[in-house]
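**Q** I have a structure I would like to understand better, so I am pasting it below and will then ask my questions one at a time.
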Amino acid sequence: MVMDTPHAVRNETVAQVPAGSLPDDAIRARLLEARNALIGGLESRLAEVPTEPSGVSDGWGETEHLTLAEQAELTVHLDWMAQAALGEIEAAFERLDAGTYGYCVTCGDAIGAERLEALPAAAHCVNCQQHQEGSR
Ligand SMILES: [Zn+2]
């Protein structure tokens, strides 16, 4: 989505932005968006969590739906993941402030524009991520 296009994009005025990176503002906007989505999701799930099993009026009590226990468990799990993701986003904001955003926190390599595009809060390059996930 391009919101505003400067009259003419001149090659030499693109300054200050490392090749393949988004400008800080765009990154912040994406991180904020991701954070809002997470918080929104958390809040809507909190609103959905059934506090009492009352009001089951139609006779369809079959296994179509998760049981309350399963639902609660799923909610806790999702919330845990959302909390972790929120923490990653906060950390990404801190790295932006520190000027280390876009670099792997483990090996210091550039994370890569494509990966940041998909995962604005990514803290690790693909290699380190794979090491982490595959180290079992
Ligand atoms: Zn790395």
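Following the order of the structure tokens, chains are lettered A, B, ..., residues in each are numbered from 1, and ligands are numbered from 1.
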Mind checking which residues fall within 10 Å of Asp97 of chain A, counting only C-alpha atoms, ignoring those fewer than 5 positions away in the same chain, and posting them as a ChimeraX atom specification?
**A** /A:24,91-92
**Q** Which residues are near ligand 1 in this structure, taking near to mean any atom at most 9 Å from a ligand atom and counting only C-alpha atoms and all ligand atoms? Format them as a list in words.
**A**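 Answer in the requested format: Tyr103, Cys104, Val105, Thr106, Cys107, Gly108, Asp109, Ala110, Ile111, Ala123, His124, Cys125, Val126, Asn127, Cys128 and Gln129 of chain A.
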**Q** Skipping near chain neighbours, those fewer than 4 positions away, what residues fall within 8 Å of segment 30-36 of chain A using only C-alpha atoms, listed as a VMD selection string?
**A** chain A and resid 26 40 86 89 92 to 93 120 to 121
**Q** Rounded to one decimal place, report the atom CA of Leu119 of chain A-atom CA of Tyr101 of chain A distance in Å.
**A**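 Here the two named atoms are 12.3 Å from each other.
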**Q** As a ChimeraX atom specification, please: every residue in segment 21-126 of chain A that DSSP puts in alpha helix (DSSP H).
**A** /A:24-48,68-98,113-118,126
